[in-house]
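**Student:** Contents of input-v8.pdb (PDB, C-alpha atoms and all ligand atoms) are below:
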```pdb
ATOM      1  CA  MET A   1     -57.158-111.070 -22.378
ATOM      2  CA  SER A   2     -59.539-113.682 -21.048
ATOM      3  CA  GLU A   3     -61.624-112.828 -18.017
ATOM      4  CA  TYR A   4     -61.803-114.720 -14.752
ATOM      5  CA  ARG A   5     -64.874-116.969 -14.640
ATOM      6  CA  SER A   6     -66.318-118.394 -11.468
ATOM      7  CA  GLY A   7     -69.515-119.841 -10.145
ATOM      8  CA  PHE A   8     -71.466-122.680  -8.621
ATOM      9  CA  ALA A   9     -72.295-126.074 -10.083
ATOM     10  CA  ALA A  10     -74.741-128.374  -8.300
ATOM     11  CA  LEU A  11     -74.301-132.109  -8.559
ATOM     12  CA  ILE A  12     -77.644-133.801  -8.695
ATOM     13  CA  GLY A  13     -78.721-137.334  -9.365
ATOM     14  CA  ARG A  14     -79.908-140.505  -7.768
ATOM     15  CA  PRO A  15     -77.812-142.076  -5.050
ATOM     16  CA  ASN A  16     -74.961-144.130  -6.509
ATOM     17  CA  ALA A  17     -74.847-142.244  -9.808
ATOM     18  CA  GLY A  18     -71.228-141.385  -9.012
ATOM     19  CA  LYS A  19     -71.307-137.783  -7.799
ATOM     20  CA  SER A  20     -68.866-138.275  -4.947
ATOM     21  CA  THR A  21     -66.544-140.293  -7.167
ATOM     22  CA  PHE A  22     -66.542-137.425  -9.662
ATOM     23  CA  LEU A  23     -65.701-134.884  -6.954
ATOM     24  CA  ASN A  24     -62.915-137.047  -5.652
ATOM     25  CA  GLN A  25     -61.551-137.437  -9.173
ATOM     26  CA  VAL A  26     -61.660-133.696  -9.726
ATOM     27  CA  LEU A  27     -59.965-132.955  -6.448
ATOM     28  CA  GLY A  28     -57.587-135.897  -6.454
ATOM     29  CA  GLN A  29     -58.289-136.181  -2.792
ATOM     30  CA  LYS A  30     -60.676-138.117  -0.661
ATOM     31  CA  ILE A  31     -63.140-135.518   0.548
ATOM     32  CA  ALA A  32     -66.593-136.428  -0.661
ATOM     33  CA  ILE A  33     -67.595-139.756   0.790
ATOM     34  CA  MET A  34     -67.950-142.817  -1.407
ATOM     35  CA  SER A  35     -70.075-145.795  -0.642
ATOM     36  CA  ASP A  36     -71.922-148.368  -2.702
ATOM     37  CA  LYS A  37     -74.872-147.762  -0.411
ATOM     38  CA  PRO A  38     -77.158-144.918  -1.384
ATOM     39  CA  GLN A  39     -77.498-141.648   0.491
ATOM     40  CA  THR A  40     -74.135-141.449   2.138
ATOM     41  CA  THR A  41     -73.906-137.775   1.317
ATOM     42  CA  ARG A  42     -76.455-135.943   3.457
ATOM     43  CA  ASN A  43     -74.918-132.543   3.567
ATOM     44  CA  LYS A  44     -73.898-130.300   0.787
ATOM     45  CA  ILE A  45     -70.197-130.720   0.371
ATOM     46  CA  GLN A  46     -68.628-127.830  -1.421
ATOM     47  CA  ALA A  47     -65.507-128.673  -3.295
ATOM     48  CA  VAL A  48     -63.531-126.041  -5.144
ATOM     49  CA  HIS A  49     -61.674-126.406  -8.419
ATOM     50  CA  THR A  50     -59.303-123.562  -9.189
ATOM     51  CA  GLN A  51     -57.295-122.817 -12.311
ATOM     52  CA  THR A  52     -55.469-119.696 -13.509
ATOM     53  CA  ASP A  53     -58.524-118.135 -15.164
ATOM     54  CA  GLY A  54     -61.380-119.432 -13.059
ATOM     55  CA  GLN A  55     -62.948-121.307 -10.192
ATOM     56  CA  ILE A  56     -65.781-123.835  -9.939
ATOM     57  CA  ILE A  57     -67.514-124.383  -6.613
ATOM     58  CA  PHE A  58     -69.227-127.752  -6.612
ATOM     59  CA  VAL A  59     -72.235-128.341  -4.436
ATOM     60  CA  ASP A  60     -72.783-132.033  -3.840
ATOM     61  CA  THR A  61     -76.502-132.443  -3.187
ATOM     62  CA  PRO A  62     -78.079-135.404  -1.479
ATOM     63  CA  GLY A  63     -79.892-137.702  -3.880
ATOM     64  CA  VAL A  64     -83.343-136.469  -4.764
ATOM     65  CA  HIS A  65     -85.960-139.050  -3.903
ATOM     66  CA  LYS A  66     -89.448-139.183  -2.452
ATOM     67  CA  PRO A  67     -89.124-138.450   1.255
ATOM     68  CA  LYS A  68     -89.952-141.188   3.761
ATOM     69  CA  HIS A  69     -89.257-139.256   6.934
ATOM     70  CA  GLN A  70     -88.291-135.808   8.123
ATOM     71  CA  LEU A  71     -84.640-136.115   7.239
ATOM     72  CA  GLY A  72     -85.681-137.191   3.735
ATOM     73  CA  GLU A  73     -87.826-134.080   3.292
ATOM     74  CA  TYR A  74     -84.950-131.945   4.394
ATOM     75  CA  MET A  75     -82.705-133.636   1.860
ATOM     76  CA  VAL A  76     -85.098-133.011  -1.029
ATOM     77  CA  LYS A  77     -85.511-129.378  -0.025
ATOM     78  CA  THR A  78     -81.755-128.945   0.150
ATOM     79  CA  ALA A  79     -81.308-130.454  -3.282
ATOM     80  CA  LEU A  80     -83.986-128.301  -4.927
ATOM     81  CA  ASP A  81     -82.922-125.106  -3.160
ATOM     82  CA  SER A  82     -79.395-125.571  -4.330
ATOM     83  CA  LEU A  83     -80.550-125.857  -7.941
ATOM     84  CA  SER A  84     -81.993-122.370  -8.187
ATOM     85  CA  GLU A  85     -78.974-120.782  -6.532
ATOM     86  CA  VAL A  86     -76.354-122.155  -8.876
ATOM     87  CA  ASP A  87     -75.039-121.297 -12.336
ATOM     88  CA  LEU A  88     -75.157-124.837 -13.616
ATOM     89  CA  ALA A  89     -76.724-128.146 -12.651
ATOM     90  CA  LEU A  90     -74.896-131.384 -13.371
ATOM     91  CA  PHE A  91     -77.447-134.165 -13.566
ATOM     92  CA  PHE A  92     -75.603-137.442 -13.018
ATOM     93  CA  ILE A  93     -76.999-140.726 -14.242
ATOM     94  CA  ASP A  94     -75.588-144.232 -14.221
ATOM     95  CA  VAL A  95     -75.593-144.953 -17.968
ATOM     96  CA  SER A  96     -75.753-148.703 -17.341
ATOM     97  CA  GLU A  97     -79.086-148.381 -15.560
ATOM     98  CA  PRO A  98     -82.439-147.981 -17.341
ATOM     99  CA  PHE A  99     -84.360-144.695 -17.137
ATOM    100  CA  GLY A 100     -86.724-144.929 -14.197
ATOM    101  CA  ARG A 101     -89.029-143.026 -11.903
ATOM    102  CA  GLY A 102     -86.071-141.654  -9.968
ATOM    103  CA  GLU A 103     -84.748-139.968 -13.104
ATOM    104  CA  GLN A 104     -88.240-138.741 -13.995
ATOM    105  CA  PHE A 105     -88.626-137.204 -10.531
ATOM    106  CA  ILE A 106     -85.391-135.274 -10.946
ATOM    107  CA  LEU A 107     -86.168-134.173 -14.521
ATOM    108  CA  ASP A 108     -89.514-132.798 -13.340
ATOM    109  CA  ALA A 109     -87.709-130.864 -10.630
ATOM    110  CA  LEU A 110     -85.207-129.516 -13.146
ATOM    111  CA  GLN A 111     -88.061-128.137 -15.313
ATOM    112  CA  ALA A 112     -88.868-125.741 -12.502
ATOM    113  CA  VAL A 113     -85.491-123.995 -12.527
ATOM    114  CA  LYS A 114     -83.933-121.794 -15.204
ATOM    115  CA  THR A 115     -80.438-123.076 -14.478
ATOM    116  CA  PRO A 116     -78.795-124.781 -17.478
ATOM    117  CA  VAL A 117     -78.459-128.531 -17.045
ATOM    118  CA  PHE A 118     -75.635-130.791 -18.181
ATOM    119  CA  LEU A 119     -76.613-134.423 -18.442
ATOM    120  CA  ILE A 120     -73.637-136.390 -17.167
ATOM    121  CA  MET A 121     -73.804-139.970 -18.411
ATOM    122  CA  ASN A 122     -71.483-141.592 -15.929
ATOM    123  CA  LYS A 123     -70.013-145.100 -15.823
ATOM    124  CA  ILE A 124     -69.471-145.434 -19.582
ATOM    125  CA  ASP A 125     -66.833-148.030 -18.713
ATOM    126  CA  LYS A 126     -69.700-150.332 -17.759
ATOM    127  CA  ILE A 127     -71.390-150.470 -21.171
ATOM    128  CA  HIS A 128     -70.393-151.251 -24.770
ATOM    129  CA  PRO A 129     -69.327-148.067 -26.628
ATOM    130  CA  ASP A 130     -72.084-148.608 -29.213
ATOM    131  CA  ARG A 131     -74.720-148.180 -26.536
ATOM    132  CA  ILE A 132     -73.528-144.729 -25.493
ATOM    133  CA  LEU A 133     -74.967-143.066 -28.610
ATOM    134  CA  GLU A 134     -78.230-144.955 -28.175
ATOM    135  CA  ARG A 135     -78.551-143.697 -24.650
ATOM    136  CA  ILE A 136     -77.794-140.122 -25.681
ATOM    137  CA  GLU A 137     -80.590-140.315 -28.270
ATOM    138  CA  GLU A 138     -82.916-141.811 -25.666
ATOM    139  CA  TYR A 139     -82.266-139.047 -23.136
ATOM    140  CA  ARG A 140     -82.828-136.315 -25.733
ATOM    141  CA  HIS A 141     -86.505-137.341 -25.606
ATOM    142  CA  TYR A 142     -86.737-136.985 -21.845
ATOM    143  CA  GLY A 143     -85.534-133.428 -21.432
ATOM    144  CA  THR A 144     -83.607-130.431 -22.693
ATOM    145  CA  PHE A 145     -79.964-130.346 -21.771
ATOM    146  CA  ALA A 146     -77.389-127.645 -22.391
ATOM    147  CA  GLU A 147     -74.820-130.414 -22.914
ATOM    148  CA  ILE A 148     -74.750-134.191 -22.762
ATOM    149  CA  PHE A 149     -71.463-135.572 -21.504
ATOM    150  CA  PRO A 150     -70.525-139.260 -21.351
ATOM    151  CA  ILE A 151     -67.841-139.819 -18.709
ATOM    152  CA  SER A 152     -66.344-142.366 -16.397
ATOM    153  CA  ALA A 153     -65.699-140.671 -13.084
ATOM    154  CA  LEU A 154     -64.006-143.786 -11.748
ATOM    155  CA  ARG A 155     -61.626-144.252 -14.685
ATOM    156  CA  ASP A 156     -61.116-140.547 -15.302
ATOM    157  CA  GLN A 157     -62.498-140.621 -18.845
ATOM    158  CA  ASN A 158     -63.692-137.314 -20.329
ATOM    159  CA  VAL A 159     -63.569-135.589 -16.920
ATOM    160  CA  GLU A 160     -61.055-132.914 -17.971
ATOM    161  CA  PRO A 161     -63.068-131.886 -21.095
ATOM    162  CA  LEU A 162     -66.149-131.706 -18.891
ATOM    163  CA  LEU A 163     -64.408-129.272 -16.556
ATOM    164  CA  GLU A 164     -63.472-127.087 -19.542
ATOM    165  CA  HIS A 165     -67.105-126.964 -20.613
ATOM    166  CA  ILE A 166     -68.286-126.112 -17.116
ATOM    167  CA  TYR A 167     -65.965-123.096 -17.129
ATOM    168  CA  LYS A 168     -67.545-121.894 -20.387
ATOM    169  CA  TYR A 169     -70.928-121.704 -18.683
ATOM    170  CA  LEU A 170     -69.767-119.671 -15.695
ATOM    171  CA  PRO A 171     -70.169-115.915 -15.527
ATOM    172  CA  GLU A 172     -67.361-113.472 -15.035
ATOM    173  CA  GLY A 173     -66.698-113.431 -11.322
ATOM    174  CA  PRO A 174     -64.255-113.287  -8.454
ATOM    175  CA  GLN A 175     -62.062-115.977  -6.963
ATOM    176  CA  TYR A 176     -64.315-116.955  -4.072
ATOM    177  CA  TYR A 177     -61.880-119.220  -2.273
ATOM    178  CA  PRO A 178     -58.131-119.267  -1.846
ATOM    179  CA  GLU A 179     -56.441-121.745  -4.133
ATOM    180  CA  GLU A 180     -55.576-124.311  -1.496
ATOM    181  CA  GLN A 181     -59.117-124.529  -0.184
ATOM    182  CA  ILE A 182     -60.821-127.677  -1.361
ATOM    183  CA  THR A 183     -63.823-127.800   0.913
ATOM    184  CA  ASP A 184     -65.527-125.307   3.196
ATOM    185  CA  HIS A 185     -66.619-127.944   5.632
ATOM    186  CA  PRO A 186     -64.832-128.099   8.916
ATOM    187  CA  GLU A 187     -62.545-131.026   9.501
ATOM    188  CA  ARG A 188     -64.913-132.351  12.133
ATOM    189  CA  PHE A 189     -67.589-132.929   9.533
ATOM    190  CA  ILE A 190     -65.199-134.754   7.250
ATOM    191  CA  MET A 191     -63.955-136.921  10.104
ATOM    192  CA  ALA A 192     -67.526-137.844  11.004
ATOM    193  CA  GLU A 193     -68.228-138.766   7.397
ATOM    194  CA  PHE A 194     -65.113-140.944   7.245
ATOM    195  CA  ILE A 195     -66.344-142.887  10.274
ATOM    196  CA  ARG A 196     -69.875-143.152   8.891
ATOM    197  CA  GLU A 197     -68.477-144.452   5.616
ATOM    198  CA  LYS A 198     -66.553-147.206   7.431
ATOM    199  CA  VAL A 199     -69.627-148.251   9.402
ATOM    200  CA  LEU A 200     -71.705-148.487   6.218
ATOM    201  CA  GLY A 201     -68.892-150.298   4.446
ATOM    202  CA  HIS A 202     -68.694-152.991   7.132
ATOM    203  CA  THR A 203     -72.413-153.578   7.419
ATOM    204  CA  HIS A 204     -75.365-154.386   5.200
ATOM    205  CA  ASP A 205     -79.030-153.436   5.273
ATOM    206  CA  GLU A 206     -79.271-154.112   9.012
ATOM    207  CA  ILE A 207     -77.556-150.765   9.573
ATOM    208  CA  PRO A 208     -79.618-148.123   7.775
ATOM    209  CA  HIS A 209     -78.445-144.668   6.867
ATOM    210  CA  SER A 210     -80.124-143.480  10.030
ATOM    211  CA  ILE A 211     -76.823-143.718  11.835
ATOM    212  CA  ALA A 212     -75.176-140.462  12.733
ATOM    213  CA  VAL A 213     -71.644-139.816  13.852
ATOM    214  CA  ILE A 214     -70.863-137.060  16.322
ATOM    215  CA  ILE A 215     -67.343-135.846  16.910
ATOM    216  CA  ASP A 216     -67.312-135.213  20.658
ATOM    217  CA  GLU A 217     -63.779-134.043  21.111
ATOM    218  CA  VAL A 218     -60.655-133.201  19.141
ATOM    219  CA  LEU A 219     -57.565-132.560  21.227
ATOM    220  CA  GLU A 220     -54.071-131.725  20.074
ATOM    221  CA  ARG A 221     -51.749-133.760  22.222
ATOM    222  CA  GLU A 222     -47.996-133.474  22.636
ATOM    223  CA  ASN A 223     -45.805-135.418  20.149
ATOM    224  CA  GLN A 224     -47.931-134.225  17.203
ATOM    225  CA  LYS A 225     -50.685-136.642  18.146
ATOM    226  CA  THR A 226     -54.368-135.790  17.761
ATOM    227  CA  TYR A 227     -56.926-137.380  20.050
ATOM    228  CA  VAL A 228     -60.378-137.763  18.516
ATOM    229  CA  GLN A 229     -63.402-139.064  20.379
ATOM    230  CA  ALA A 230     -66.536-139.827  18.384
ATOM    231  CA  THR A 231     -69.947-141.375  19.005
ATOM    232  CA  ILE A 232     -71.851-143.480  16.505
ATOM    233  CA  VAL A 233     -75.584-142.976  17.080
ATOM    234  CA  VAL A 234     -77.948-145.819  16.199
ATOM    235  CA  GLU A 235     -81.656-146.318  16.759
ATOM    236  CA  ARG A 236     -81.781-149.802  18.242
ATOM    237  CA  GLN A 237     -79.884-151.867  20.748
ATOM    238  CA  SER A 238     -79.484-154.645  18.134
ATOM    239  CA  GLN A 239     -77.737-152.225  15.797
ATOM    240  CA  LYS A 240     -75.363-151.257  18.553
ATOM    241  CA  GLY A 241     -74.458-154.912  18.973
ATOM    242  CA  ILE A 242     -73.782-155.356  15.266
ATOM    243  CA  ILE A 243     -71.525-152.331  15.075
ATOM    244  CA  ILE A 244     -69.532-153.360  18.132
ATOM    245  CA  GLY A 245     -69.219-156.937  16.880
ATOM    246  CA  ARG A 246     -67.938-160.039  18.590
ATOM    247  CA  ASN A 247     -65.557-158.962  21.341
ATOM    248  CA  GLY A 248     -65.537-155.494  19.820
ATOM    249  CA  SER A 249     -63.929-156.735  16.595
ATOM    250  CA  MET A 250     -66.181-154.784  14.219
ATOM    251  CA  LEU A 251     -65.762-151.498  16.041
ATOM    252  CA  LYS A 252     -62.027-152.073  16.111
ATOM    253  CA  ALA A 253     -61.881-152.604  12.337
ATOM    254  CA  ILE A 254     -64.034-149.516  11.738
ATOM    255  CA  GLY A 255     -61.773-147.499  14.008
ATOM    256  CA  GLN A 256     -58.570-148.651  12.335
ATOM    257  CA  GLU A 257     -59.788-147.754   8.855
ATOM    258  CA  ALA A 258     -61.239-144.409   9.907
ATOM    259  CA  ARG A 259     -58.041-143.561  11.766
ATOM    260  CA  LYS A 260     -56.030-143.984   8.549
ATOM    261  CA  ASP A 261     -58.267-141.542   6.666
ATOM    262  CA  ILE A 262     -58.230-139.031   9.531
ATOM    263  CA  HIS A 263     -54.463-139.330   9.674
ATOM    264  CA  ALA A 264     -54.292-138.516   5.941
ATOM    265  CA  LEU A 265     -56.640-135.564   6.452
ATOM    266  CA  LEU A 266     -54.871-134.010   9.435
ATOM    267  CA  GLY A 267     -51.320-135.052   8.693
ATOM    268  CA  THR A 268     -50.724-135.950  12.335
ATOM    269  CA  ASP A 269     -50.766-139.217  14.236
ATOM    270  CA  VAL A 270     -54.292-139.920  15.384
ATOM    271  CA  TYR A 271     -55.686-141.671  18.396
ATOM    272  CA  LEU A 272     -59.346-142.450  17.711
ATOM    273  CA  GLU A 273     -61.785-143.482  20.397
ATOM    274  CA  LEU A 274     -65.213-144.666  19.219
ATOM    275  CA  TRP A 275     -68.404-145.024  21.239
ATOM    276  CA  VAL A 276     -71.770-146.386  20.155
ATOM    277  CA  LYS A 277     -74.965-144.912  21.562
ATOM    278  CA  VAL A 278     -78.629-145.831  21.096
ATOM    279  CA  GLN A 279     -80.994-142.917  20.533
ATOM    280  CA  LYS A 280     -84.439-144.011  19.411
ATOM    281  CA  ASP A 281     -86.076-142.394  16.416
ATOM    282  CA  TRP A 282     -83.499-139.641  16.062
ATOM    283  CA  ARG A 283     -84.353-138.965  12.418
ATOM    284  CA  ASN A 284     -87.710-137.499  13.371
ATOM    285  CA  LYS A 285     -86.418-135.297  16.153
ATOM    286  CA  SER A 286     -86.025-131.815  14.801
ATOM    287  CA  HIS A 287     -83.903-130.609  17.679
ATOM    288  CA  PHE A 288     -81.491-133.439  17.071
ATOM    289  CA  LEU A 289     -81.259-132.608  13.376
ATOM    290  CA  HIS A 290     -80.615-129.024  14.309
ATOM    291  CA  GLU A 291     -77.787-129.971  16.637
ATOM    292  CA  GLN A 292     -76.231-131.958  13.840
ATOM    293  CA  GLY A 293     -76.486-129.033  11.466
ATOM    294  CA  TYR A 294     -78.944-130.652   9.064
ATOM    295  CA  SER A 295     -81.720-128.104   9.393
ATOM    296  CA  ASP A 296     -81.621-124.450   8.442
TER     297      ASP A 296
HETATM  298  P1  LIG B 301     -73.094-140.919  -5.315
HETATM  299  O1  LIG B 301     -74.118-141.552  -4.406
HETATM  300  O2  LIG B 301     -73.738-140.323  -6.528
HETATM  301  O3  LIG B 301     -72.189-139.941  -4.609
HETATM  302  O4  LIG B 301     -72.205-142.144  -5.872
HETATM  303  P2  LIG B 301     -70.731-142.596  -5.461
HETATM  304  O5  LIG B 301     -69.716-141.645  -5.996
HETATM  305  O6  LIG B 301     -70.712-142.896  -4.005
HETATM  306  O7  LIG B 301     -70.583-143.932  -6.339
HETATM  307  C1  LIG B 301     -71.418-145.040  -6.117
HETATM  308  C2  LIG B 301     -70.723-146.301  -6.623
HETATM  309  O8  LIG B 301     -70.532-146.243  -8.038
HETATM  310  C3  LIG B 301     -69.332-146.489  -6.017
HETATM  311  O9  LIG B 301     -69.163-147.860  -5.764
HETATM  312  C4  LIG B 301     -68.401-146.018  -7.121
HETATM  313  O10 LIG B 301     -67.142-146.653  -7.097
HETATM  314  C5  LIG B 301     -69.161-146.411  -8.374
HETATM  315  N1  LIG B 301     -68.817-145.551  -9.525
HETATM  316  C6  LIG B 301     -68.825-144.203  -9.581
HETATM  317  N2  LIG B 301     -68.447-143.762 -10.801
HETATM  318  C7  LIG B 301     -68.196-144.851 -11.548
HETATM  319  C8  LIG B 301     -67.753-145.054 -12.914
HETATM  320  O11 LIG B 301     -67.496-144.128 -13.688
HETATM  321  N3  LIG B 301     -67.634-146.348 -13.322
HETATM  322  C9  LIG B 301     -67.896-147.411 -12.508
HETATM  323  N4  LIG B 301     -67.744-148.641 -13.015
HETATM  324  N5  LIG B 301     -68.296-147.258 -11.224
HETATM  325  C10 LIG B 301     -68.438-145.992 -10.740
HETATM  326 MG    MG B 302     -72.289-139.219  -2.689
HETATM  327  K     K B 303     -70.675-149.841   1.356
END
```
How would this structure read if it were set down as structure tokens?
**Tutor:**
Amino acid sequence: MSEYRSGFAALIGRPNAGKSTFLNQVLGQKIAIMSDKPQTTRNKIQAVHTQTDGQIIFVDTPGVHKPKHQLGEYMVKTALDSLSEVDLALFFIDVSEPFGRGEQFILDALQAVKTPVFLIMNKIDKIHPDRILERIEEYRHYGTFAEIFPISALRDQNVEPLLEHIYKYLPEGPQYYPEEQITDHPERFIMAEFIREKVLGHTHDEIPHSIAVIIDEVLERENQKTYVQATIVVERQSQKGIIIGRNGSMLKAIGQEARKDIHALLGTDVYLELWVKVQKDWRNKSHFLHEQGYSD
């Protein structure tokens, strides 16, 4: 009889390597937040994969990079802390991108932990098949990996075999979460991330990742309708203007898209009210980070 295996796998890698896409593929549900802008995922998002003889708890780490401000330092610390606490680290790279200092920074960090590392060569759909082997050979020189796995998270190529291999590396253990649980984050967090994703999707570099979204109120109304009020926090008046848009058109579009995702999440009709607030330099205010749950 086979034993029940369970444990924690940290997703690590530069922003845009495809970690959130992988989680969404694994879960078949939109929980981790996708964006073509880096650093959308600031918090650890734990997603749970359950099968009859085991359970994997994925920890989605923020991208490791050299910190530029206090929030950045917190992100690096979170990423490195999570590595020593887990059973397995999944180091995601974009196989179509050359090896760079970002990868080197992460490999150096991985040397410091005993955790086995899978190198996940993601986005194989973007390169000619002949180049995959070349890149595997290349990466063998950079570090020691328990496994090297070429996948396409977006096109669902080789994802299932990867899951099977992850299970092999997990110790015997309990079922940590009930089967239906896919994330341990409260719905409020997910709602805020949906809104943040829409803001980043509608804007370019003029809106940095320094925006925060706060869910002020969630009220169950009669007729199965949920009322959600949220505030988008920016650092400058000009950013507020961009997000609101001409005659409020941008904010309206953001709200409509976010409302659809929140509706899918909650399963009820949703009335979403969005506000935009200017709070200067919030990234460097520890108390503000604390309120938002980013510090420990
Ligand atoms: P993260 O920052 O590591 O979480 O990266 P995301 O999951 O947000 O992905 C960043 C971008 O890469 C998104 O536009 C994804 O659609 C895209 N992407 C992710 N995986 C793949 C893949 O396997 N193939 C291709 N072509 N694009 C991908
Ligand atoms: Mg992500
Ligand atoms: K985007």
**Student:** Run the PyMOL selection byres (((chain A and resi 89-99) around 8) and not hetatm) against the file shown and list the residues it catches, as a VMD selection string.
**Tutor:** chain A and resid 9 to 14 16 to 19 83 86 to 88 100 to 104 115 to 124 126 to 127 132 135
**Student:** Using only C-alpha atoms, collect all residues at a distance of at most 6 Å from (-69.1, -140.0, 18.1) as written in the file, then present them as a count of residues only.
**Tutor:** 8
**Student:** Ranking A:Arg131, A:Arg155, A:Lys198, A:Lys280 by minimum distance to A:Ala258 and counting only C-alpha atoms, which one comes first?
**Tutor:** A:Lys198
**Student:** Would you please work out which residue, of A:Leu200, A:Ile106, A:Ile244, A:Ile195, is nearest to ligand K 303 (chain B) when using only C-alpha atoms and all ligand atoms?
**Tutor:**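 The answer is A:Leu200, which sits nearest to ligand K 303 (chain B).
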**Student:** Would you please work out which residue, of A:Leu107, A:Met250, A:Leu265, A:Val26, is nearest to ligand LIG 301 (chain B) when using only C-alpha atoms and all ligand atoms?
**Tutor:**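 The answer is A:Val26, which sits nearest to ligand LIG 301 (chain B).
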**Student:** Restricting the calculation to all atoms listed in the file: of A:Val218, A:Ala192, A:Val159, A:Ala146, which residue gets closest to ligand LIG 301 (chain B)?
**Tutor:**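 Once distances to ligand LIG 301 (chain B) are computed over all atoms listed in the file, the minimum belongs to A:Val159.
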**Student:** Using all atoms listed in the file, which residues sit within 10 Å of A:Glu3 once same-chain residues fewer than 5 positions away are excluded, as a count of residues only?
**Tutor:** 6
**Student:** May I ask for the distance between atom CA of A:Arg259 and atom CA of A:Tyr271, given in Å to one decimal place?
**Tutor:** 7.3 Å
**Student:** At a cut-off of 12 Å around the point (-71.5, -150.4, 14.2) (file coordinates), what residues fall inside when counting all atoms listed in the file? I'd like the answer as an NGL selection string.
**Tutor:** :A and (195-204 or 206-213 or 231-246 or 248-255 or 274-278)
**Student:** Taking the file as I've supplied it (selection: the PyMOL selection byres (((chain A and resi 225) around 12) and not hetatm)), which residues are included? Please answer as JSON, numbers by chain.
**Tutor:** {"A": [218, 219, 220, 221, 222, 223, 224, 226, 227, 228, 259, 262, 263, 266, 267, 268, 269, 270, 271, 272]}
**Student:** I'd like to know which of A:Leu170, A:Ile57, A:Leu163, A:Ile151 is closest to ligand LIG 301 (chain B), using only C-alpha atoms and all ligand atoms.
**Tutor:**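 Closest candidate: A:Ile151.
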**Student:** Mind giving me the straight-line distance from atom CA of A:Arg188 to atom C10 of ligand LIG 301 (chain B) in Å, one decimal?
**Tutor:**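 Going from atom CA of A:Arg188 over to atom C10 of ligand LIG 301 (chain B), I get 26.9 Å.
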**Student:** What does the distance from atom N5 of ligand LIG 301 (chain B) to atom CA of A:Glu257 come to in Å, to one decimal?
**Tutor:** 21.8 Å
**Student:** When you get a chance, write out N, CA and C atoms for stretch 122-133 of chain A, as a short mmCIF file (atom, residue, chain, number, x, y, z; two decimals), keeping the file's coordinate frame.
**Tutor:**
```cif
data_model
loop_
_atom_site.label_atom_id
_atom_site.label_comp_id
_atom_site.auth_asym_id
_atom_site.auth_seq_id
_atom_site.Cartn_x
_atom_site.Cartn_y
_atom_site.Cartn_z
N ASN A 122 -72.66 -141.03 -16.61
CA ASN A 122 -71.48 -141.59 -15.93
C ASN A 122 -71.44 -143.11 -16.07
N LYS A 123 -70.27 -143.65 -15.82
CA LYS A 123 -70.01 -145.10 -15.82
C LYS A 123 -70.02 -145.67 -17.23
N ILE A 124 -69.52 -144.91 -18.21
CA ILE A 124 -69.47 -145.43 -19.58
C ILE A 124 -68.57 -146.67 -19.68
N ASP A 125 -67.69 -146.84 -18.70
CA ASP A 125 -66.83 -148.03 -18.71
C ASP A 125 -67.64 -149.31 -18.50
N LYS A 126 -68.89 -149.15 -18.05
CA LYS A 126 -69.70 -150.33 -17.76
C LYS A 126 -70.52 -150.82 -18.96
N ILE A 127 -70.58 -150.04 -20.02
CA ILE A 127 -71.39 -150.47 -21.17
C ILE A 127 -70.56 -150.50 -22.45
N HIS A 128 -71.06 -151.20 -23.47
CA HIS A 128 -70.39 -151.25 -24.77
C HIS A 128 -70.46 -149.86 -25.41
N PRO A 129 -69.35 -149.42 -26.04
CA PRO A 129 -69.33 -148.07 -26.63
C PRO A 129 -70.51 -147.79 -27.57
N ASP A 130 -70.95 -148.81 -28.29
CA ASP A 130 -72.08 -148.61 -29.21
C ASP A 130 -73.35 -148.13 -28.50
N ARG A 131 -73.48 -148.51 -27.25
CA ARG A 131 -74.72 -148.18 -26.54
C ARG A 131 -74.74 -146.74 -26.04
N ILE A 132 -73.58 -146.10 -26.01
CA ILE A 132 -73.53 -144.73 -25.49
C ILE A 132 -74.38 -143.80 -26.36
N LEU A 133 -74.19 -143.92 -27.70
CA LEU A 133 -74.97 -143.07 -28.61
C LEU A 133 -76.47 -143.34 -28.48
#
```
